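Participant: What follows is protein_27.txt, compact mmCIF, N, CA and C atoms and all ligand atoms.
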```
# COMPACT_ATOMS: atom_id res chain seq x y z
N MET A 1 -1.10 0.65 -8.72
CA MET A 1 -0.82 2.00 -8.29
C MET A 1 -1.34 2.98 -9.32
N THR A 2 -2.61 3.13 -9.37
CA THR A 2 -3.19 3.92 -10.42
C THR A 2 -3.55 5.33 -9.98
N ARG A 3 -3.83 5.55 -8.71
CA ARG A 3 -4.26 6.86 -8.29
C ARG A 3 -3.08 7.57 -7.63
N ILE A 4 -2.66 8.65 -8.23
CA ILE A 4 -1.49 9.37 -7.72
C ILE A 4 -1.84 10.83 -7.54
N ARG A 5 -1.64 11.34 -6.38
CA ARG A 5 -1.75 12.77 -6.17
C ARG A 5 -0.69 13.14 -5.13
N TRP A 6 0.16 14.07 -5.50
CA TRP A 6 1.22 14.45 -4.61
C TRP A 6 0.79 15.66 -3.80
N ASN A 7 0.80 15.51 -2.53
CA ASN A 7 0.44 16.62 -1.65
C ASN A 7 1.66 17.39 -1.18
N THR A 8 2.81 16.74 -1.20
CA THR A 8 4.02 17.38 -0.70
C THR A 8 5.22 16.95 -1.54
N ALA A 9 6.31 17.70 -1.41
CA ALA A 9 7.55 17.31 -2.08
C ALA A 9 8.04 15.97 -1.53
N GLU A 10 7.82 15.75 -0.24
CA GLU A 10 8.22 14.47 0.35
C GLU A 10 7.47 13.31 -0.29
N GLN A 11 6.18 13.50 -0.52
CA GLN A 11 5.41 12.43 -1.15
C GLN A 11 5.92 12.18 -2.56
N SER A 12 6.20 13.22 -3.30
CA SER A 12 6.73 13.07 -4.65
C SER A 12 8.06 12.31 -4.63
N ARG A 13 8.93 12.66 -3.71
CA ARG A 13 10.23 11.98 -3.59
C ARG A 13 10.04 10.51 -3.22
N ASP A 14 9.17 10.24 -2.26
CA ASP A 14 8.94 8.85 -1.84
C ASP A 14 8.31 8.03 -2.97
N TRP A 15 7.43 8.69 -3.74
CA TRP A 15 6.82 7.99 -4.88
C TRP A 15 7.89 7.62 -5.91
N ARG A 16 8.80 8.55 -6.18
CA ARG A 16 9.88 8.25 -7.14
C ARG A 16 10.75 7.10 -6.62
N SER A 17 11.06 7.10 -5.32
CA SER A 17 11.88 6.03 -4.75
C SER A 17 11.19 4.68 -4.90
N LEU A 18 9.90 4.65 -4.62
CA LEU A 18 9.16 3.39 -4.75
C LEU A 18 9.18 2.93 -6.21
N ASN A 19 8.94 3.84 -7.12
CA ASN A 19 8.91 3.45 -8.54
C ASN A 19 10.28 3.05 -9.07
N GLU A 20 11.34 3.67 -8.57
CA GLU A 20 12.68 3.24 -8.97
C GLU A 20 12.94 1.81 -8.50
N ALA A 21 12.48 1.49 -7.29
CA ALA A 21 12.65 0.12 -6.79
C ALA A 21 11.82 -0.86 -7.62
N ILE A 22 10.60 -0.45 -7.97
CA ILE A 22 9.75 -1.32 -8.81
C ILE A 22 10.41 -1.54 -10.16
N ASP A 23 11.01 -0.49 -10.72
CA ASP A 23 11.62 -0.62 -12.04
C ASP A 23 12.79 -1.61 -12.06
N LEU A 24 13.36 -1.89 -10.89
CA LEU A 24 14.48 -2.84 -10.83
C LEU A 24 13.99 -4.29 -10.84
N LEU A 25 12.70 -4.48 -10.62
CA LEU A 25 12.16 -5.85 -10.60
C LEU A 25 11.89 -6.32 -12.02
N PRO A 26 12.00 -7.62 -12.24
CA PRO A 26 11.69 -8.16 -13.57
C PRO A 26 10.26 -7.83 -13.97
N TYR A 27 10.06 -7.59 -15.25
CA TYR A 27 8.73 -7.28 -15.76
C TYR A 27 7.76 -8.39 -15.39
N GLY A 28 6.62 -8.01 -14.85
CA GLY A 28 5.61 -9.00 -14.48
C GLY A 28 5.69 -9.45 -13.04
N ASP A 29 6.72 -8.99 -12.32
CA ASP A 29 6.90 -9.43 -10.92
C ASP A 29 6.24 -8.51 -9.91
N VAL A 30 5.48 -7.54 -10.36
CA VAL A 30 4.79 -6.63 -9.44
C VAL A 30 3.28 -6.90 -9.59
N PRO A 31 2.74 -7.69 -8.70
CA PRO A 31 1.35 -8.16 -8.89
C PRO A 31 0.34 -7.06 -9.12
N CYS A 32 0.47 -5.92 -8.47
CA CYS A 32 -0.56 -4.88 -8.63
C CYS A 32 -0.52 -4.25 -10.02
N GLN A 33 0.59 -4.39 -10.72
CA GLN A 33 0.64 -3.88 -12.09
C GLN A 33 -0.09 -4.82 -13.04
N ASN A 34 -0.16 -6.09 -12.65
CA ASN A 34 -0.83 -7.07 -13.50
C ASN A 34 -2.34 -7.04 -13.30
N ASP A 35 -2.79 -6.68 -12.09
CA ASP A 35 -4.21 -6.71 -11.77
C ASP A 35 -4.55 -5.57 -10.81
N PRO A 36 -4.47 -4.32 -11.27
CA PRO A 36 -4.64 -3.18 -10.34
C PRO A 36 -6.00 -3.16 -9.66
N ASP A 37 -7.04 -3.63 -10.32
CA ASP A 37 -8.37 -3.58 -9.70
C ASP A 37 -8.44 -4.39 -8.42
N LEU A 38 -7.63 -5.43 -8.32
CA LEU A 38 -7.63 -6.26 -7.12
C LEU A 38 -7.11 -5.47 -5.91
N PHE A 39 -6.20 -4.54 -6.15
CA PHE A 39 -5.53 -3.84 -5.05
C PHE A 39 -6.23 -2.54 -4.68
N PHE A 40 -7.00 -2.01 -5.59
CA PHE A 40 -7.65 -0.73 -5.32
C PHE A 40 -9.16 -0.92 -5.24
N LEU A 41 -9.51 -1.74 -4.25
CA LEU A 41 -10.90 -2.07 -3.99
C LEU A 41 -11.64 -0.85 -3.48
N GLU A 42 -12.93 -0.81 -3.76
CA GLU A 42 -13.75 0.29 -3.25
C GLU A 42 -13.69 0.34 -1.73
N ASP A 43 -13.79 -0.82 -1.10
CA ASP A 43 -13.72 -0.89 0.35
C ASP A 43 -12.65 -1.91 0.74
N ALA A 44 -11.46 -1.41 0.97
CA ALA A 44 -10.34 -2.31 1.27
C ALA A 44 -10.21 -2.56 2.77
N SER A 45 -11.20 -2.17 3.55
CA SER A 45 -11.13 -2.43 4.98
C SER A 45 -12.04 -3.58 5.40
N SER A 46 -13.02 -3.90 4.57
CA SER A 46 -13.91 -5.00 4.91
C SER A 46 -13.31 -6.31 4.43
N PRO A 47 -13.34 -7.34 5.28
CA PRO A 47 -12.78 -8.63 4.89
C PRO A 47 -13.48 -9.17 3.65
N SER A 48 -12.70 -9.68 2.71
CA SER A 48 -13.27 -10.28 1.50
C SER A 48 -12.20 -11.17 0.88
N ALA A 49 -12.65 -12.02 -0.03
CA ALA A 49 -11.69 -12.89 -0.73
C ALA A 49 -10.72 -12.05 -1.56
N SER A 50 -11.22 -10.96 -2.15
CA SER A 50 -10.34 -10.10 -2.95
C SER A 50 -9.28 -9.44 -2.08
N LEU A 51 -9.69 -8.99 -0.92
CA LEU A 51 -8.73 -8.34 -0.02
C LEU A 51 -7.64 -9.34 0.39
N ARG A 52 -8.06 -10.54 0.74
CA ARG A 52 -7.07 -11.57 1.12
C ARG A 52 -6.14 -11.88 -0.04
N ALA A 53 -6.69 -11.94 -1.24
CA ALA A 53 -5.87 -12.24 -2.42
C ALA A 53 -4.85 -11.13 -2.67
N ALA A 54 -5.27 -9.89 -2.51
CA ALA A 54 -4.34 -8.77 -2.70
C ALA A 54 -3.23 -8.81 -1.66
N LYS A 55 -3.60 -9.04 -0.41
CA LYS A 55 -2.58 -9.09 0.64
C LYS A 55 -1.60 -10.24 0.39
N LEU A 56 -2.10 -11.37 -0.03
CA LEU A 56 -1.23 -12.51 -0.33
C LEU A 56 -0.30 -12.21 -1.50
N ALA A 57 -0.83 -11.54 -2.51
CA ALA A 57 -0.01 -11.20 -3.67
C ALA A 57 1.14 -10.27 -3.26
N CYS A 58 0.86 -9.35 -2.38
CA CYS A 58 1.91 -8.44 -1.90
C CYS A 58 3.02 -9.20 -1.19
N ASP A 59 2.67 -10.30 -0.54
CA ASP A 59 3.70 -11.08 0.17
C ASP A 59 4.81 -11.52 -0.76
N GLY A 60 4.51 -11.70 -2.04
CA GLY A 60 5.52 -12.15 -2.98
C GLY A 60 6.18 -11.02 -3.76
N CYS A 61 5.91 -9.79 -3.37
CA CYS A 61 6.44 -8.64 -4.12
C CYS A 61 7.75 -8.16 -3.50
N GLY A 62 8.69 -7.86 -4.35
CA GLY A 62 10.02 -7.46 -3.90
C GLY A 62 10.11 -6.07 -3.29
N VAL A 63 9.06 -5.28 -3.38
CA VAL A 63 9.11 -3.93 -2.80
C VAL A 63 8.06 -3.79 -1.68
N LYS A 64 7.65 -4.90 -1.10
CA LYS A 64 6.55 -4.87 -0.13
C LYS A 64 6.80 -3.88 1.02
N GLU A 65 7.97 -3.94 1.62
CA GLU A 65 8.23 -3.08 2.78
C GLU A 65 8.25 -1.60 2.38
N LEU A 66 8.92 -1.31 1.28
CA LEU A 66 8.99 0.07 0.80
C LEU A 66 7.59 0.58 0.44
N CYS A 67 6.82 -0.27 -0.19
CA CYS A 67 5.46 0.08 -0.60
C CYS A 67 4.59 0.35 0.64
N ALA A 68 4.70 -0.51 1.64
CA ALA A 68 3.92 -0.31 2.86
C ALA A 68 4.31 0.99 3.54
N GLU A 69 5.60 1.28 3.59
CA GLU A 69 6.05 2.52 4.23
C GLU A 69 5.52 3.74 3.48
N TYR A 70 5.54 3.66 2.15
CA TYR A 70 5.01 4.76 1.36
C TYR A 70 3.54 4.99 1.71
N ALA A 71 2.79 3.90 1.74
CA ALA A 71 1.35 4.02 1.98
C ALA A 71 1.04 4.47 3.40
N ILE A 72 1.82 4.01 4.36
CA ILE A 72 1.59 4.45 5.75
C ILE A 72 1.76 5.96 5.83
N LYS A 73 2.74 6.48 5.09
CA LYS A 73 2.99 7.93 5.13
C LYS A 73 2.01 8.72 4.26
N HIS A 74 1.64 8.15 3.11
CA HIS A 74 0.98 9.00 2.12
C HIS A 74 -0.38 8.51 1.61
N GLU A 75 -0.72 7.25 1.84
CA GLU A 75 -1.98 6.71 1.30
C GLU A 75 -2.74 5.97 2.38
N PRO A 76 -3.10 6.64 3.44
CA PRO A 76 -3.71 5.90 4.55
C PRO A 76 -5.10 5.36 4.25
N ASP A 77 -5.80 5.94 3.29
CA ASP A 77 -7.23 5.66 3.20
C ASP A 77 -7.68 4.88 1.97
N TYR A 78 -6.75 4.41 1.16
CA TYR A 78 -7.20 3.86 -0.12
C TYR A 78 -6.34 2.67 -0.54
N GLY A 79 -6.98 1.53 -0.78
CA GLY A 79 -6.32 0.40 -1.41
C GLY A 79 -5.43 -0.44 -0.51
N VAL A 80 -4.97 -1.54 -1.08
CA VAL A 80 -3.99 -2.41 -0.43
C VAL A 80 -2.62 -2.04 -0.97
N TRP A 81 -1.74 -1.66 -0.08
CA TRP A 81 -0.36 -1.30 -0.44
C TRP A 81 0.57 -2.08 0.49
N GLY A 82 1.57 -2.73 -0.10
CA GLY A 82 2.54 -3.43 0.73
C GLY A 82 1.89 -4.43 1.68
N GLY A 83 0.79 -5.00 1.28
CA GLY A 83 0.11 -5.99 2.10
C GLY A 83 -0.69 -5.41 3.25
N THR A 84 -0.86 -4.10 3.26
CA THR A 84 -1.61 -3.48 4.35
C THR A 84 -2.93 -2.88 3.83
N THR A 85 -3.92 -2.93 4.68
CA THR A 85 -5.22 -2.31 4.36
C THR A 85 -5.23 -0.89 4.94
N PRO A 86 -6.19 -0.06 4.52
CA PRO A 86 -6.28 1.27 5.11
C PRO A 86 -6.40 1.23 6.64
N ARG A 87 -7.21 0.32 7.14
CA ARG A 87 -7.38 0.22 8.60
C ARG A 87 -6.06 -0.15 9.27
N GLU A 88 -5.32 -1.10 8.71
CA GLU A 88 -4.02 -1.49 9.28
C GLU A 88 -3.04 -0.32 9.25
N ARG A 89 -3.07 0.46 8.18
CA ARG A 89 -2.14 1.60 8.11
C ARG A 89 -2.49 2.66 9.14
N ARG A 90 -3.78 2.89 9.30
CA ARG A 90 -4.16 3.89 10.31
C ARG A 90 -3.76 3.42 11.71
N MET A 91 -3.91 2.13 11.97
CA MET A 91 -3.50 1.59 13.27
C MET A 91 -1.98 1.73 13.45
N LEU A 92 -1.22 1.45 12.40
CA LEU A 92 0.23 1.59 12.49
C LEU A 92 0.64 3.04 12.74
N LEU A 93 -0.05 3.96 12.07
CA LEU A 93 0.25 5.38 12.29
C LEU A 93 0.00 5.77 13.74
N ILE A 94 -1.10 5.32 14.28
CA ILE A 94 -1.43 5.63 15.67
C ILE A 94 -0.38 5.04 16.60
N GLU A 95 0.00 3.78 16.34
CA GLU A 95 1.01 3.14 17.18
C GLU A 95 2.33 3.89 17.12
N ARG A 96 2.69 4.32 15.93
CA ARG A 96 3.96 5.04 15.78
C ARG A 96 3.95 6.39 16.48
N LYS A 97 2.78 6.99 16.54
CA LYS A 97 2.67 8.27 17.23
C LYS A 97 2.60 8.08 18.74
N GLY A 98 2.53 6.80 19.18
CA GLY A 98 2.50 6.52 20.59
C GLY A 98 1.16 6.71 21.24
N GLU A 99 0.13 6.74 20.39
CA GLU A 99 -1.20 6.87 20.93
C GLU A 99 -1.82 5.49 21.07
N ALA A 100 -2.79 5.37 21.97
CA ALA A 100 -3.47 4.10 22.16
C ALA A 100 -4.42 3.88 20.99
N PRO A 101 -4.29 2.75 20.27
CA PRO A 101 -5.23 2.50 19.18
C PRO A 101 -6.65 2.36 19.69
N ASN A 102 -7.58 2.93 18.94
CA ASN A 102 -8.99 2.83 19.36
C ASN A 102 -9.87 2.44 18.18
N ASP A 103 -9.36 1.54 17.33
CA ASP A 103 -10.12 1.02 16.21
C ASP A 103 -10.64 2.11 15.28
N PRO A 104 -9.73 2.90 14.70
CA PRO A 104 -10.19 3.95 13.78
C PRO A 104 -10.71 3.35 12.48
N ARG A 105 -11.73 3.93 11.90
CA ARG A 105 -12.27 3.47 10.61
C ARG A 105 -12.46 4.64 9.70
S1 LIG A 201 3.70 -4.58 -2.39
FE1 LIG A 201 1.70 -4.97 -3.31
S2 LIG A 201 0.79 -2.95 -3.71
FE2 LIG A 201 3.01 -2.67 -3.36
S3 LIG A 201 3.96 -2.70 -5.37
FE3 LIG A 201 4.02 -4.78 -4.58
S4 LIG A 201 2.15 -5.78 -5.32
FE4 LIG A 201 1.90 -3.57 -5.57
```
Can the structure from this file be put into structure tokens for me?

Facilitator:
Amino acid sequence: MTRIRWNTAEQSRDWRSLNEAIDLLPYGDVPCQNDPDLFFLEDASSPSASLRAAKLACDGCGVKELCAEYAIKHEPDYGVWGGTTPRERRMLLIERKGEAPNDPR
């Protein structure tokens, strides 16, 4: 989680909540803190071994759901968060808005 820019007070609050949850985990148990480059790939929408590795690492993270929710709301276009890619987050956003997904990229 290296790139942070708050666009709204809600984003700032959600970021603090995510980080408070991360702080409760034992040191070393948050995979993206150990290897941030794996999670913030230049192109996290194209299938690759690195992308699969990042998604798998998130599966073992104690804040996966909270992290994914944060990213769905605030980081749709960059990196692997909570086991989701930018494309998956955009699809989830569309589904939540009740629109028919049309493969956004
Ligand atoms: S779910 Fe993945 S991206 Fe989110 S904090 Fe955990 S390891 Fe990092």

Participant: Show me which residues sit within 7 Å of ligand LIG 201 (chain A) when counting only N, CA and C atoms and all ligand atoms, and put them as a PyMOL selection string.

Facilitator: chain A and resi 1+22+29-33+39+54+57-68+80-83

Participant: In terms of the shortest atom-to-atom distance over only N, CA and C atoms, which of A:Pro26, A:Gly79, A:Ile72, A:Asn7 is closest to Asp43 (chain A)?

Facilitator: A:Gly79

Participant: Write out as a list in words the residues lying within 8 Å of region 91-99 of chain A, counting all atoms listed in the file and excluding same-chain residues fewer than 5 positions away.

Facilitator: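 Listed by chain and then number, they are Ile72, Lys73, Thr85, Pro86 and Pro104 of chain A.
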
Participant: Can you tell me which residues surround Leu38 (chain A) at a distance of at most 6 Å, considering all atoms listed in the file, apart from same-chain residues fewer than 3 positions away, and format the answer as a list in words?

Facilitator: Asp35, Leu41, Ser50 and Ala54 of chain A

Participant: Could you please determine the separation between atom C of Ala21 (chain A) and atom C of Glu69 (chain A) in Å, to one decimal place?

Facilitator: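 Distance between the two atoms: 13.6 Å.
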
Participant: What does the structure give for the distance between atom C of Leu24 (chain A) and atom N of Ala9 (chain A), in Å to one decimal?

Facilitator: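 Result for atom C of Leu24 (chain A) versus atom N of Ala9 (chain A): 25.1 Å, one decimal.
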
Participant: In Å to one decimal, how far is atom N of Arg89 (chain A) from atom N of Thr8 (chain A)?

Facilitator: 19.7 Å

Participant: Of the candidates A:Arg87, A:Arg16, A:Gln11, A:Asp23, which shows the shortest atom-to-atom distance to Ser46 (chain A), using only N, CA and C atoms?

Facilitator: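 Of the candidates, the smallest distance to Ser46 (chain A) is held by A:Arg87.
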
Participant: Using DSSP on the backbone coordinates, identify all residues within chain A classified as alpha helix (DSSP H); present the result as a count of residues only.

Facilitator: 56
